[in-house]
$ cat target_7.txt   # compact mmCIF, C-alpha atoms
# COMPACT_ATOMS: atom_id res chain seq x y z
CA MET A 1 63.01 -25.38 0.70
CA ASN A 2 63.01 -28.20 -1.87
CA ASP A 3 61.24 -29.02 -5.13
CA SER A 4 58.71 -31.20 -3.33
CA GLN A 5 57.21 -28.16 -1.64
CA THR A 6 54.09 -26.67 -3.14
CA PRO A 7 54.66 -23.83 -5.63
CA TRP A 8 52.33 -21.65 -3.56
CA GLN A 9 55.24 -21.24 -1.15
CA HIS A 10 57.06 -19.35 -3.90
CA THR A 11 55.77 -16.55 -6.09
CA LEU A 12 52.69 -17.38 -8.13
CA SER A 13 53.84 -15.37 -11.15
CA GLY A 14 53.62 -17.42 -14.33
CA ARG A 15 51.41 -20.12 -12.81
CA THR A 16 47.75 -20.96 -13.32
CA VAL A 17 45.56 -21.13 -10.24
CA ALA A 18 42.47 -23.36 -10.11
CA GLY A 19 42.84 -24.00 -13.83
CA ARG A 20 41.45 -20.57 -14.79
CA TYR A 21 43.59 -17.77 -13.32
CA GLN A 22 46.90 -17.22 -15.10
CA VAL A 23 49.03 -15.16 -12.71
CA LEU A 24 50.87 -12.30 -14.41
CA GLY A 25 52.65 -10.59 -11.53
CA LEU A 26 52.59 -9.34 -7.94
CA LEU A 27 50.52 -6.24 -7.18
CA GLY A 28 51.27 -5.91 -3.48
CA GLN A 29 51.22 -7.61 -0.12
CA GLY A 30 50.27 -7.01 3.48
CA GLY A 31 50.72 -8.74 6.78
CA ILE A 32 48.40 -11.62 5.88
CA GLY A 33 47.98 -11.79 2.12
CA ARG A 34 49.52 -11.20 -1.26
CA VAL A 35 47.63 -9.77 -4.22
CA TYR A 36 48.51 -10.70 -7.80
CA VAL A 37 47.19 -9.54 -11.16
CA ALA A 38 45.88 -12.49 -13.14
CA ALA A 39 44.14 -13.17 -16.43
CA GLN A 40 40.91 -15.13 -16.07
CA LEU A 41 41.03 -17.68 -18.86
CA GLY A 42 37.92 -17.92 -21.00
CA LEU A 43 36.53 -14.53 -19.95
CA ASP A 44 39.28 -12.29 -21.31
CA ARG A 45 39.48 -10.12 -18.21
CA ARG A 46 42.06 -9.32 -15.58
CA VAL A 47 41.38 -9.87 -11.92
CA ALA A 48 43.11 -9.20 -8.63
CA LEU A 49 43.92 -12.55 -7.04
CA LYS A 50 44.48 -12.55 -3.28
CA VAL A 51 46.13 -15.44 -1.45
CA ILE A 52 47.42 -16.03 2.08
CA ARG A 53 51.12 -15.45 2.61
CA PRO A 54 53.03 -18.77 2.84
CA GLU A 55 54.14 -18.24 6.43
CA ARG A 56 50.53 -17.60 7.56
CA ARG A 57 48.73 -20.41 5.75
CA ALA A 58 49.08 -22.92 8.58
CA ASP A 59 47.42 -20.53 11.05
CA ALA A 60 43.78 -21.55 11.55
CA VAL A 61 42.69 -18.06 12.66
CA THR A 62 44.20 -16.49 9.52
CA ALA A 63 42.46 -19.04 7.31
CA ALA A 64 39.15 -18.37 9.08
CA ARG A 65 39.52 -14.62 8.63
CA PHE A 66 40.34 -15.10 4.96
CA ALA A 67 37.15 -17.10 4.48
CA ARG A 68 35.25 -14.48 6.47
CA GLU A 69 36.58 -11.76 4.16
CA ALA A 70 35.27 -13.66 1.13
CA ARG A 71 31.86 -14.18 2.73
CA ALA A 72 31.60 -10.52 3.75
CA ALA A 73 32.64 -9.05 0.40
CA GLY A 74 30.51 -11.59 -1.47
CA ARG A 75 27.37 -10.32 0.25
CA ILE A 76 27.77 -6.74 -0.96
CA THR A 77 26.70 -5.36 -4.31
CA SER A 78 27.62 -1.72 -4.82
CA PRO A 79 29.58 0.41 -7.28
CA HIS A 80 31.40 1.75 -4.23
CA VAL A 81 32.63 -1.61 -2.89
CA VAL A 82 35.18 -3.81 -4.64
CA THR A 83 33.41 -6.68 -6.45
CA LEU A 84 34.27 -10.26 -5.50
CA PHE A 85 34.16 -12.72 -8.39
CA ASP A 86 35.27 -16.01 -6.88
CA PHE A 87 36.49 -17.76 -3.74
CA GLY A 88 37.98 -21.22 -3.62
CA SER A 89 41.06 -23.32 -3.03
CA ASP A 90 43.74 -24.95 -5.13
CA GLY A 91 45.61 -27.78 -3.48
CA GLY A 92 44.21 -26.73 -0.12
CA GLU A 93 45.28 -23.11 -0.54
CA HIS A 94 42.54 -20.45 -0.49
CA TYR A 95 42.25 -17.61 -2.99
CA ILE A 96 39.91 -14.69 -3.62
CA ALA A 97 39.39 -13.29 -7.12
CA MET A 98 38.25 -9.65 -7.23
CA GLU A 99 37.79 -6.95 -9.82
CA MET A 100 41.00 -5.33 -11.00
CA LEU A 101 41.10 -1.60 -10.25
CA GLU A 102 43.16 1.14 -11.89
CA GLY A 103 44.02 4.24 -9.90
CA GLU A 104 45.43 4.89 -6.44
CA SER A 105 44.50 4.48 -2.81
CA LEU A 106 43.40 7.40 -0.68
CA LEU A 107 46.60 6.83 1.30
CA GLU A 108 48.66 7.51 -1.84
CA ARG A 109 46.56 10.59 -2.57
CA LEU A 110 47.09 11.94 0.96
CA ASP A 111 50.83 11.52 0.56
CA ARG A 112 50.63 14.46 -1.86
CA GLY A 113 48.88 16.67 0.66
CA GLN A 114 45.40 17.79 1.65
CA VAL A 115 42.40 17.04 -0.54
CA PRO A 116 40.42 20.04 -1.86
CA LEU A 117 37.17 20.48 0.03
CA LEU A 118 34.75 19.60 -2.77
CA GLU A 119 36.81 16.54 -3.73
CA ALA A 120 36.95 15.42 -0.09
CA LEU A 121 33.15 15.71 0.14
CA ARG A 122 32.72 13.63 -3.02
CA ILE A 123 35.08 10.91 -1.79
CA ALA A 124 33.44 10.78 1.64
CA ALA A 125 29.95 10.61 0.13
CA ASP A 126 30.95 7.67 -2.08
CA VAL A 127 32.56 5.88 0.86
CA ALA A 128 29.35 6.41 2.83
CA LYS A 129 27.38 4.85 -0.04
CA GLY A 130 29.67 1.83 0.07
CA LEU A 131 29.18 1.57 3.82
CA ARG A 132 25.42 1.78 3.39
CA ALA A 133 25.51 -1.20 1.03
CA ALA A 134 27.73 -3.14 3.44
CA HIS A 135 25.54 -2.39 6.44
CA GLU A 136 22.39 -3.34 4.54
CA ALA A 137 24.09 -6.67 3.78
CA GLY A 138 24.84 -7.17 7.48
CA VAL A 139 28.56 -6.37 7.25
CA LEU A 140 30.67 -3.99 9.33
CA HIS A 141 34.00 -3.10 7.73
CA ARG A 142 35.83 -2.41 11.02
CA ASP A 143 39.04 -1.26 9.36
CA LEU A 144 38.12 1.76 7.26
CA LYS A 145 41.29 3.77 6.60
CA PRO A 146 43.00 5.55 3.67
CA ALA A 147 44.73 2.37 2.51
CA ASN A 148 41.32 0.67 2.17
CA VAL A 149 39.69 3.39 0.07
CA PHE A 150 40.51 3.28 -3.65
CA LEU A 151 40.20 6.19 -6.06
CA CYS A 152 39.62 4.75 -9.52
CA GLU A 153 40.84 6.47 -12.65
CA ASP A 154 37.24 6.96 -13.84
CA GLY A 155 36.39 8.88 -10.65
CA THR A 156 34.65 6.02 -8.84
CA VAL A 157 35.52 5.54 -5.17
CA LYS A 158 35.53 2.00 -3.77
CA VAL A 159 35.89 0.51 -0.29
CA LEU A 160 38.39 -2.38 -0.14
CA ASP A 161 39.64 -5.11 2.19
CA PHE A 162 37.05 -6.73 4.42
CA GLY A 163 39.77 -8.79 6.11
CA ILE A 164 38.57 -8.13 9.66
CA ALA A 165 34.94 -7.43 8.82
CA LYS A 166 32.23 -8.30 11.31
CA LEU A 167 29.13 -10.17 10.17
CA LEU A 168 26.21 -8.87 12.19
CA ASP A 169 24.33 -12.18 12.02
CA ASP A 170 27.32 -14.25 13.12
CA GLU A 171 28.12 -13.08 16.65
CA ASP A 172 29.22 -16.47 17.98
CA GLU A 173 31.93 -16.91 15.39
CA TRP A 174 33.50 -13.48 15.86
CA GLU A 175 35.11 -13.72 19.28
CA PRO A 176 37.45 -16.67 18.60
CA LEU A 177 38.91 -14.75 15.67
CA THR A 178 39.88 -11.73 17.76
CA GLY A 179 41.57 -13.56 20.59
CA VAL A 180 41.38 -12.74 24.28
CA ASN A 181 42.65 -9.25 25.21
CA ARG A 182 43.39 -8.43 21.56
CA VAL A 183 42.04 -5.45 19.67
CA LEU A 184 41.92 -5.68 15.88
CA GLY A 185 42.12 -2.63 13.67
CA THR A 186 44.29 0.43 13.10
CA PRO A 187 44.50 2.65 16.22
CA VAL A 188 44.50 5.94 14.29
CA TYR A 189 41.17 5.00 12.69
CA MET A 190 39.59 2.93 15.47
CA SER A 191 36.38 3.89 17.24
CA PRO A 192 36.24 4.23 21.04
CA GLU A 193 33.96 1.19 21.33
CA ALA A 194 36.31 -0.93 19.20
CA ALA A 195 39.29 0.21 21.27
CA THR A 196 37.53 -0.87 24.47
CA ARG A 197 36.02 -4.08 23.02
CA LYS A 198 32.45 -2.91 23.44
CA PRO A 199 29.57 -3.90 21.13
CA LEU A 200 29.97 -2.63 17.56
CA GLY A 201 27.44 -1.36 15.07
CA PRO A 202 27.18 0.71 11.88
CA THR A 203 28.20 3.84 13.80
CA THR A 204 31.63 2.23 14.28
CA ASP A 205 32.30 2.58 10.54
CA LEU A 206 30.80 6.07 10.48
CA TYR A 207 33.23 7.16 13.20
CA ALA A 208 36.07 6.05 10.91
CA LEU A 209 34.45 7.96 8.05
CA GLY A 210 34.54 11.10 10.19
CA LEU A 211 38.24 10.51 10.82
CA LEU A 212 38.87 10.11 7.08
CA LEU A 213 36.98 13.29 6.23
CA PHE A 214 38.86 15.20 8.91
CA GLU A 215 42.21 13.96 7.60
CA MET A 216 41.43 14.74 3.96
CA ILE A 217 40.61 18.37 4.78
CA VAL A 218 43.12 19.09 7.57
CA GLY A 219 45.98 16.96 6.25
CA GLU A 220 46.37 14.77 9.31
CA PRO A 221 44.04 12.68 11.51
CA PRO A 222 42.78 14.19 14.78
CA PHE A 223 44.32 11.45 16.96
CA LYS A 224 47.86 10.46 16.04
CA THR A 225 50.40 10.32 18.84
CA GLY A 226 53.08 8.02 17.46
CA ASP A 227 52.29 5.46 20.16
CA PRO A 228 49.48 2.94 19.49
CA LEU A 229 48.31 2.70 23.10
CA GLU A 230 48.34 6.45 23.56
CA THR A 231 46.43 6.85 20.31
CA LEU A 232 43.78 4.39 21.51
CA ARG A 233 43.54 6.29 24.77
CA ALA A 234 43.01 9.52 22.84
CA GLN A 235 40.27 7.91 20.74
CA VAL A 236 38.45 6.97 23.94
CA THR A 237 38.99 10.07 26.09
CA ARG A 238 40.11 13.10 24.08
CA PRO A 239 37.47 15.25 22.32
CA ALA A 240 38.08 15.66 18.61
CA PRO A 241 39.02 19.19 17.51
CA ARG A 242 36.41 21.03 15.50
CA LEU A 243 37.02 20.94 11.78
CA ARG A 244 36.72 24.70 11.31
CA GLN A 245 39.32 25.34 13.98
CA ALA A 246 41.69 22.68 12.65
CA ALA A 247 41.44 23.97 9.05
CA PRO A 248 40.95 27.75 9.26
CA TRP A 249 42.27 28.13 5.70
CA ALA A 250 39.44 26.05 4.20
CA PRO A 251 35.90 27.40 3.55
CA VAL A 252 34.34 24.76 5.81
CA PRO A 253 30.55 25.23 5.94
CA ALA A 254 28.95 25.23 9.37
CA GLU A 255 26.84 22.21 8.37
CA LEU A 256 29.97 20.19 7.56
CA ASP A 257 31.61 21.24 10.82
CA LEU A 258 28.56 19.98 12.73
CA LEU A 259 28.38 16.74 10.75
CA VAL A 260 32.03 15.81 11.35
CA ALA A 261 31.64 16.65 15.04
CA ALA A 262 28.61 14.33 15.19
CA LEU A 263 30.45 11.52 13.40
CA LEU A 264 33.29 11.80 15.93
CA GLU A 265 31.12 11.65 19.04
CA LYS A 266 32.56 9.24 21.63
CA ASP A 267 29.15 7.76 22.39
CA PRO A 268 27.90 5.69 19.44
CA ALA A 269 24.33 6.61 20.33
CA GLU A 270 25.12 10.27 19.62
CA ARG A 271 26.43 9.65 16.08
CA PRO A 272 24.44 9.46 12.84
CA ARG A 273 23.32 5.87 12.33
CA ASP A 274 22.43 5.71 8.65
CA ALA A 275 25.37 5.77 6.20
CA GLY A 276 22.98 6.52 3.34
CA ALA A 277 21.67 9.59 5.14
CA VAL A 278 25.25 10.72 5.79
CA ALA A 279 25.99 10.36 2.07
CA GLY A 280 22.96 12.50 1.28
CA ARG A 281 24.02 15.20 3.73
CA LEU A 282 27.54 15.27 2.30
CA GLU A 283 26.20 15.65 -1.24
CA ALA A 284 23.82 18.42 -0.14
CA ILE A 285 26.68 20.26 1.58
CA ALA A 286 28.79 19.93 -1.57
CA THR A 287 25.96 21.29 -3.73
CA GLU A 288 25.44 24.29 -1.45
CA LEU A 289 29.18 24.93 -1.18
CA ARG A 290 29.56 24.82 -4.95
CA ARG A 291 26.67 27.27 -5.32
CA SER A 292 28.11 29.68 -2.77
CA LEU A 293 31.51 29.60 -4.44
CA GLU A 294 29.92 30.35 -7.80
CA VAL A 295 28.32 33.51 -6.38
CA THR A 296 31.71 35.20 -6.48
CA GLN A 297 32.20 34.30 -10.16
CA THR A 298 30.01 36.43 -12.40
CA GLU A 299 30.11 35.87 -16.12
CA ILE A 300 28.82 38.49 -18.55
CA ASP A 301 28.34 37.39 -22.13
CA LEU A 302 27.78 40.48 -24.27
CA PRO A 303 26.38 40.08 -27.81
CA ARG A 304 29.21 38.71 -29.91
CA LEU A 305 29.96 40.66 -33.04
CA SER A 306 31.36 39.01 -36.13
CA ALA A 307 34.96 39.45 -35.01
CA ALA A 308 34.44 39.14 -31.23
CA ARG A 309 37.17 37.56 -29.14
CA PRO A 310 37.54 36.86 -25.40
CA TYR A 311 39.00 39.57 -23.24
CA GLU A 312 40.12 39.05 -19.61
CA VAL A 313 39.81 41.95 -17.22
CA GLU A 314 42.25 41.26 -14.38
CA ASP A 315 42.74 44.77 -12.99
CA GLU A 316 40.44 46.76 -10.72
CA VAL A 317 38.25 43.70 -9.93
CA GLY A 318 39.08 43.43 -6.25
CA ALA A 319 35.46 42.74 -5.31
CA ASP A 320 35.69 39.50 -7.27
CA GLU A 321 38.48 38.16 -5.00
CA GLY A 322 41.05 38.15 -7.76
CA ALA A 323 39.07 36.01 -10.19
CA ALA A 324 39.39 37.12 -13.80
CA THR A 325 36.03 38.06 -15.33
CA VAL A 326 35.45 36.99 -18.90
CA VAL A 327 33.71 39.57 -21.08
CA TRP A 328 33.58 40.14 -24.78
CA ARG A 329 34.67 43.06 -26.90
CA ALA A 330 34.68 43.60 -30.63
CA ALA A 331 38.07 43.29 -32.24
CA ALA A 332 36.98 45.15 -35.37
CA ALA A 333 37.54 48.90 -35.49
CA ARG A 334 34.52 51.03 -34.66
CA PRO A 335 33.76 54.57 -35.84
CA ALA A 336 34.97 57.17 -33.35
CA SER A 337 31.43 58.39 -32.90
CA SER A 338 30.02 54.95 -32.01
CA SER A 339 29.22 54.36 -28.37
CA PHE A 340 30.29 51.18 -26.67
CA VAL A 341 31.25 50.07 -23.18
CA ARG A 342 35.00 50.09 -22.68
CA PRO A 343 36.79 47.23 -20.87
CA ARG A 344 37.58 49.45 -17.86
CA HIS A 345 33.87 50.28 -17.54
CA LEU A 346 33.04 46.59 -17.86
CA ALA A 347 35.36 45.86 -14.99
CA PHE A 348 33.38 48.14 -12.71
CA LEU A 349 30.11 46.75 -14.04
CA THR A 350 31.30 43.21 -13.41
CA ALA A 351 32.43 44.02 -9.88
CA GLY A 352 29.08 45.62 -9.19
CA ALA A 353 27.23 42.63 -10.62
CA GLY A 354 29.24 40.31 -8.42
CA ALA A 355 28.47 42.40 -5.33
CA LEU A 356 24.77 42.51 -6.17
CA ALA A 357 24.70 38.76 -6.72
CA PHE A 358 26.39 38.16 -3.37
CA ALA A 359 24.01 40.55 -1.60
CA ALA A 360 21.00 38.84 -3.19
CA SER A 361 22.26 35.47 -2.15
CA LEU A 362 22.83 36.69 1.41
CA LEU A 363 19.34 38.19 1.63
CA LEU A 364 17.85 34.98 0.28
CA ARG A 365 19.71 32.93 2.88
CA LEU A 366 18.57 35.27 5.70
CA GLY A 367 15.01 35.04 4.43
CA LEU A 368 15.09 31.26 4.30
CA SER A 369 16.59 31.02 7.75
$ encode --input "target_7.txt" --output "structure tokens"
Amino acid sequence: MNDSQTPWQHTLSGRTVAGRYQVLGLLGQGGIGRVYVAAQLGLDRRVALKVIRPERRADAVTAARFAREARAAGRITSPHVVTLFDFGSDGGEHYIAMEMLEGESLLERLDRGQVPLLEALRIAADVAKGLRAAHEAGVLHRDLKPANVFLCEDGTVKVLDFGIAKLLDDEDEWEPLTGVNRVLGTPVYMSPEAATRKPLGPTTDLYALGLLLFEMIVGEPPFKTGDPLETLRAQVTRPAPRLRQAAPWAPVPAELDLLVAALLEKDPAERPRDAGAVAGRLEAIATELRRSLEVTQTEIDLPRLSAARPYEVEDEVGADEGAATVVWRAAAARPASSSFVRPRHLAFLTAGAGALAFAASLLLRLGLS
């Protein structure tokens, strides 16, 4: 390598791309591209700048996919999809400028273990909202996986990396980019129709969403054999385990169990088709789950006297499943003749209130059903 070679063949750190992106450092890299953090001159903001790896730039298929990624992401406007700012070339080298995100990927989050049920429902609902926006723009993601879901520090969830996206209105251009007898995607998160090169649609992404939701709650995906071909075979032929059976320790609602089973149907025609509707169902399940969990937590707020202070009753509250019940008692001394409810009595009252609340909720559910 000599000085006459373009600087894009080296690191971009310290250089200015297209006269407006001052590269500050490398964020990460994959098989095709590198992503840098850069300052956009004149706008006082930082962006993520993606470029093709030097050894892949001469490959026409890679360049076409890179342009396809820009076109796909540029069509979508959603708080749950990474925002594309710019696409262009500098000296014949393509780049994509995107919003800079702070946080971690879902892959990094899963490295620490399972995701609590309510959090998993929130993440999945936001991913579904991102997919809805993509599908409405005529874009299939095709590679939804933990590494391509980003959990922002402010709580927002965003779908990333449309590198192998499929444009629904561009069928003729797709096949040359996949190559004959090649299957693009990640086997652990690939739908049966993608694995067998059958026609794809929005339900392809929703199948991957079901896999993500399963993995967040159980701690591992339903089909992972260690061998890519065997994993693809399992995606096509092996029924997915039911969520309730795979995660007996989690309070999985029946509605969620049914929804995940529907998302993981082998036949695309049997799956939910509308990502927005799936998002709505996930949010409704989360609301109902949160309400049912709150039934076991009864809070009694007695009139607070001038010197009242919190008191936690932790003994003899077995009916409350170990949760401490917060009540109030007066710290000031009372005359011996005055009558007041003692903490031990409050414990029994609280347990009874919790049982009554649970019974009322159960009767209401039976009545509604």
$ residues_near_point --input "target_7.txt" --point "(46.5, -16.2, -14.0)" --cutoff "6 Å" --atoms "only C-alpha atoms" --output "PyMOL selection string"
chain A and resi 16+21-24+38-39
$ write_last_selection --input "target_7.txt" --atoms "C-alpha atoms" --output "mmCIF file, in the coordinates of the input"
data_model
loop_
_atom_site.group_PDB
_atom_site.id
_atom_site.type_symbol
_atom_site.label_atom_id
_atom_site.label_comp_id
_atom_site.auth_asym_id
_atom_site.auth_seq_id
_atom_site.Cartn_x
_atom_site.Cartn_y
_atom_site.Cartn_z
ATOM 1 C CA THR A 16 47.750 -20.960 -13.320
ATOM 2 C CA TYR A 21 43.590 -17.770 -13.320
ATOM 3 C CA GLN A 22 46.900 -17.220 -15.100
ATOM 4 C CA VAL A 23 49.030 -15.160 -12.710
ATOM 5 C CA LEU A 24 50.870 -12.300 -14.410
ATOM 6 C CA ALA A 38 45.880 -12.490 -13.140
ATOM 7 C CA ALA A 39 44.140 -13.170 -16.430
#
$ closest_residue --input "target_7.txt" --among "A:Asp143, A:Asp59, A:Glu104, A:Glu119" --to "Val188 in chain A" --atoms "only C-alpha atoms"
A:Asp143
$ residues_around --input "target_7.txt" --residues "Ala279 in chain A" --least-positions-apart "5" --cutoff "12 Å" --atoms "only C-alpha atoms" --output "number ranges by chain"
A: 80, 121-133, 206, 209-210, 256, 259, 272-274, 284-286
$ closest_residue --input "target_7.txt" --among "A:Asp205, A:Asp44, A:Glu93, A:Asp169" --to "Val17 in chain A" --atoms "all atoms listed in the file"
A:Glu93
$ residues_around --input "target_7.txt" --residues "Phe85 in chain A" --least-positions-apart "3" --cutoff "10 Å" --atoms "only C-alpha atoms" --output "list in words"
Val47, Ala48, Leu49, Ala70, Ala73, Gly74, Val82, Ile96, Ala97, Met98 and Glu99 of chain A
$ atom_distance --input "target_7.txt" --atom1 "CA of Leu43 in chain A" --atom2 "CA of Asp161 in chain A"
24.3 Å
$ atom_distance --input "target_7.txt" --atom1 "CA of Thr83 in chain A" --atom2 "CA of Lys50 in chain A"
12.9 Å
$ closest_residue --input "target_7.txt" --among "A:Arg46, A:Arg56, A:Arg65, A:Arg20" --to "Asp90 in chain A" --atoms "only C-alpha atoms"
A:Arg20
$ atom_distance --input "target_7.txt" --atom1 "CA of Tyr95 in chain A" --atom2 "CA of Gly14 in chain A"
16.1 Å
$ axis_aligned_box --input "target_7.txt" --around "range 252-262 of chain A" --padding-each-side "3 Å" --output "JSON"
{"center_x": 30.6, "center_y": 19.8, "center_z": 10.5, "size_x": 13.5, "size_y": 16.9, "size_z": 15.4}
$ closest_residue --input "target_7.txt" --among "A:Leu167, A:Asp257, A:Arg34, A:Ala72" --to "Pro202 in chain A" --atoms "all atoms listed in the file"
A:Leu167
$ closest_residue --input "target_7.txt" --among "A:Leu212, A:Ile164, A:Leu140, A:Val37" --to "Leu107 in chain A" --atoms "all atoms listed in the file"
A:Leu212
$ closest_residue --input "target_7.txt" --among "A:Ser191, A:Thr237, A:Ser78, A:Gln245" --to "Ile217 in chain A" --atoms "only C-alpha atoms"
A:Gln245
$ build_atoms --input "target_7.txt" --residues "range 131-150 of chain A" --atoms "N, CA, C and O atoms" --output "short mmCIF file (atom, residue, chain, number, x, y, z; two decimals), in the coordinates of the input"
data_model
loop_
_atom_site.label_atom_id
_atom_site.label_comp_id
_atom_site.auth_asym_id
_atom_site.auth_seq_id
_atom_site.Cartn_x
_atom_site.Cartn_y
_atom_site.Cartn_z
N LEU A 131 29.50 2.05 2.48
CA LEU A 131 29.18 1.57 3.82
C LEU A 131 27.70 1.25 3.96
O LEU A 131 27.32 0.28 4.62
N ARG A 132 26.86 2.06 3.33
CA ARG A 132 25.42 1.78 3.39
C ARG A 132 25.13 0.40 2.81
O ARG A 132 24.38 -0.39 3.40
N ALA A 133 25.73 0.10 1.65
CA ALA A 133 25.51 -1.20 1.03
C ALA A 133 26.03 -2.33 1.91
O ALA A 133 25.39 -3.38 2.04
N ALA A 134 27.17 -2.12 2.54
CA ALA A 134 27.73 -3.14 3.44
C ALA A 134 26.83 -3.35 4.64
O ALA A 134 26.52 -4.50 5.01
N HIS A 135 26.38 -2.27 5.25
CA HIS A 135 25.54 -2.39 6.44
C HIS A 135 24.20 -3.04 6.11
O HIS A 135 23.67 -3.84 6.90
N GLU A 136 23.65 -2.71 4.95
CA GLU A 136 22.39 -3.34 4.54
C GLU A 136 22.56 -4.83 4.31
O GLU A 136 21.62 -5.61 4.45
N ALA A 137 23.80 -5.24 3.97
CA ALA A 137 24.09 -6.67 3.78
C ALA A 137 24.51 -7.35 5.08
O ALA A 137 24.85 -8.53 5.09
N GLY A 138 24.48 -6.59 6.19
CA GLY A 138 24.84 -7.17 7.48
C GLY A 138 26.33 -7.26 7.71
O GLY A 138 26.80 -8.15 8.43
N VAL A 139 27.11 -6.32 7.14
CA VAL A 139 28.56 -6.37 7.25
C VAL A 139 29.08 -5.05 7.81
O VAL A 139 28.73 -3.97 7.32
N LEU A 140 29.92 -5.14 8.84
CA LEU A 140 30.67 -3.99 9.33
C LEU A 140 32.10 -4.11 8.82
O LEU A 140 32.71 -5.17 8.92
N HIS A 141 32.64 -3.04 8.29
CA HIS A 141 34.00 -3.10 7.73
C HIS A 141 35.03 -3.23 8.84
O HIS A 141 35.94 -4.04 8.76
N ARG A 142 34.96 -2.39 9.83
CA ARG A 142 35.83 -2.41 11.02
C ARG A 142 37.25 -1.92 10.82
O ARG A 142 37.99 -1.74 11.76
N ASP A 143 37.67 -1.71 9.58
CA ASP A 143 39.04 -1.26 9.36
C ASP A 143 39.09 -0.23 8.24
O ASP A 143 39.97 -0.27 7.37
N LEU A 144 38.15 0.71 8.27
CA LEU A 144 38.12 1.76 7.26
C LEU A 144 39.27 2.73 7.51
O LEU A 144 39.38 3.32 8.59
N LYS A 145 40.13 2.90 6.52
CA LYS A 145 41.29 3.77 6.60
C LYS A 145 41.72 4.14 5.19
O LYS A 145 41.24 3.55 4.21
N PRO A 146 42.62 5.12 5.03
CA PRO A 146 43.00 5.55 3.67
C PRO A 146 43.50 4.43 2.77
O PRO A 146 43.22 4.43 1.57
N ALA A 147 44.21 3.46 3.33
CA ALA A 147 44.73 2.37 2.51
C ALA A 147 43.62 1.49 1.97
O ALA A 147 43.81 0.78 0.97
N ASN A 148 42.43 1.53 2.59
CA ASN A 148 41.32 0.67 2.17
C ASN A 148 40.24 1.43 1.41
O ASN A 148 39.11 0.95 1.27
N VAL A 149 40.58 2.62 0.95
CA VAL A 149 39.69 3.39 0.07
C VAL A 149 40.45 3.61 -1.23
O VAL A 149 41.57 4.11 -1.23
N PHE A 150 39.82 3.21 -2.35
CA PHE A 150 40.51 3.28 -3.65
C PHE A 150 39.84 4.30 -4.55
O PHE A 150 38.62 4.31 -4.70
#
